[in-house]
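Peer 1: Let me begin by handing over the structure; questions about it come next.
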Amino acid sequence: MNTHNWPLENLTPNQKILADYIQKNMTSILYSTETEIADQLNLSNATVSRFWKTIGYRNFKDFKNNLKEHIEISPANKLENIMQQVETSDLQTQMLKLSTHHLEETLLHFSSENFQKAIDALVMSKKIYIYSPGPSEGLGKLIDFRLSRFGLSIHYMPKSGHEIFESLVHLTDQDVVLIFGFVKLHPETKVILDYSKEVGAKSIVMTDCLISDFNTTADIILFSSRGELWEFHSMIAPTFLIENLIIGVGKELKENSISKLEELNSLRSKYKDLLPR
């Protein structure tokens, strides 16, 4: 973020100290409370609370909201943010707390109805098309691997460009498209959703947005928390949700899925000398 246009002529000496601290810590300030800032600078809470109106904001929350709109979001400062949040000496404990928070937020906004609709759509589909670009590629590969074991027909779609059309041309009203749409609606995702609607294919979107364009373009929305836009994005909650989907589909196809897994085990035993695990 560019240097804030501080009204220096209106600031007291303590407020200038506060302004200097904020300017030097624009990213980490998003995670701080007024008490933490006051303690860090040995100032009173009242001094910190009054500061925001002096620089033109209603309160600390208003300042943070403005900061989120202007701060540069990049992979580098996302990583820097998470490093600032956790202490090396207690990294695992603090990361566990963050992961637990994402899981709790996911469950807070969990829709049993949408979850069951997603399972039903996957089970009833002729073919499942998976679109998982960027960091969600691992999620797509995971569900591809697991559902294929149940005997479901899976097609993994290209990440971008005109190759997507090579997949879409085969899409029918008996198919399902599973999309990982984190942060925003990308052009490729928009094309896939638009064409899915045109041919009558069901669309399932897993997203970290509660309110977005996905709400009006996708048939089924599954929310999973990954952290705020400016934060290091965790895949703990999306993985949790994917594993639940896999188990849910397996339960619906119990007889067939168990049969396929038994066949898999027989194949492994038959050729174990040629292809050892």
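We label chains A, B, ... in the order they appear in the structure tokens, count residues from 1 in each chain, and number ligands from 1 in the order shown.
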Mind listing the strand (DSSP E) residues of stretch 125-228 of chain A, per DSSP on the backbone, as a VMD selection string?

Peer 2: chain A and resid 128 to 131 154 to 156 176 to 180 202 to 207 220 to 223

Peer 1: What's around A:Asp219 at 7 Å? Count only C-alpha atoms, leave out sequence neighbours fewer than 5 positions away in its own chain, and write the answer as a PyMOL selection string.

Peer 2: chain A and resi 202-204

Peer 1: Go ahead and save the residues from that selection, with all heavy atoms, as a CSV table (one decimal), in the first residue's frame.

Peer 2:
chain,number,residue,atom,x,y,z
A,202,LYS,N,-25.8,-30.5,-14.5
A,202,LYS,CA,-25.7,-30.0,-13.1
A,202,LYS,C,-24.4,-29.4,-12.9
A,202,LYS,O,-23.3,-30.0,-13.3
A,202,LYS,CB,-26.0,-31.2,-12.1
A,202,LYS,CG,-27.4,-31.5,-12.0
A,202,LYS,CD,-28.2,-30.6,-11.1
A,202,LYS,CE,-29.6,-31.1,-10.9
A,202,LYS,NZ,-30.4,-30.1,-10.1
A,203,SER,N,-24.3,-28.4,-12.1
A,203,SER,CA,-23.0,-27.8,-11.7
A,203,SER,C,-22.9,-27.7,-10.2
A,203,SER,O,-23.8,-27.2,-9.5
A,203,SER,CB,-22.9,-26.4,-12.4
A,203,SER,OG,-23.9,-25.5,-12.0
A,204,ILE,N,-21.8,-28.1,-9.7
A,204,ILE,CA,-21.5,-28.0,-8.3
A,204,ILE,C,-20.2,-27.2,-8.1
A,204,ILE,O,-19.2,-27.4,-8.8
A,204,ILE,CB,-21.2,-29.4,-7.7
A,204,ILE,CG1,-22.4,-30.4,-7.9
A,204,ILE,CG2,-20.9,-29.3,-6.2
A,204,ILE,CD1,-22.0,-31.8,-7.6

Peer 1: Which is closer to A:Lys190 than all the others in A:Gln15, A:Ser99, A:Thr172, A:Thr216, using only C-alpha atoms?

Peer 2: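 Of the candidates, the smallest distance to A:Lys190 is held by A:Thr216.
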
Peer 1: Which value, in Å to one decimal, gives the distance between atom CA of A:Ala19 and atom CA of A:Pro7?

Peer 2: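 Atom CA of A:Ala19 sits 9.8 Å away from atom CA of A:Pro7.
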
Peer 1: Atom CA of A:Asn59 and atom CA of A:Leu98 are how many Å apart?

Peer 2: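 Computing the Euclidean distance for atom CA of A:Asn59 and atom CA of A:Leu98 yields 26.0 Å.
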
Peer 1: Please extract the residues of stretch 84-255 of chain A with a backbone DSSP assignment of alpha helix (DSSP H) and present them as a PyMOL selection string.

Peer 2: chain A and resi 84-85+91-108+112-124+137-149+163-168+187-199+214-217+236-252+254-255
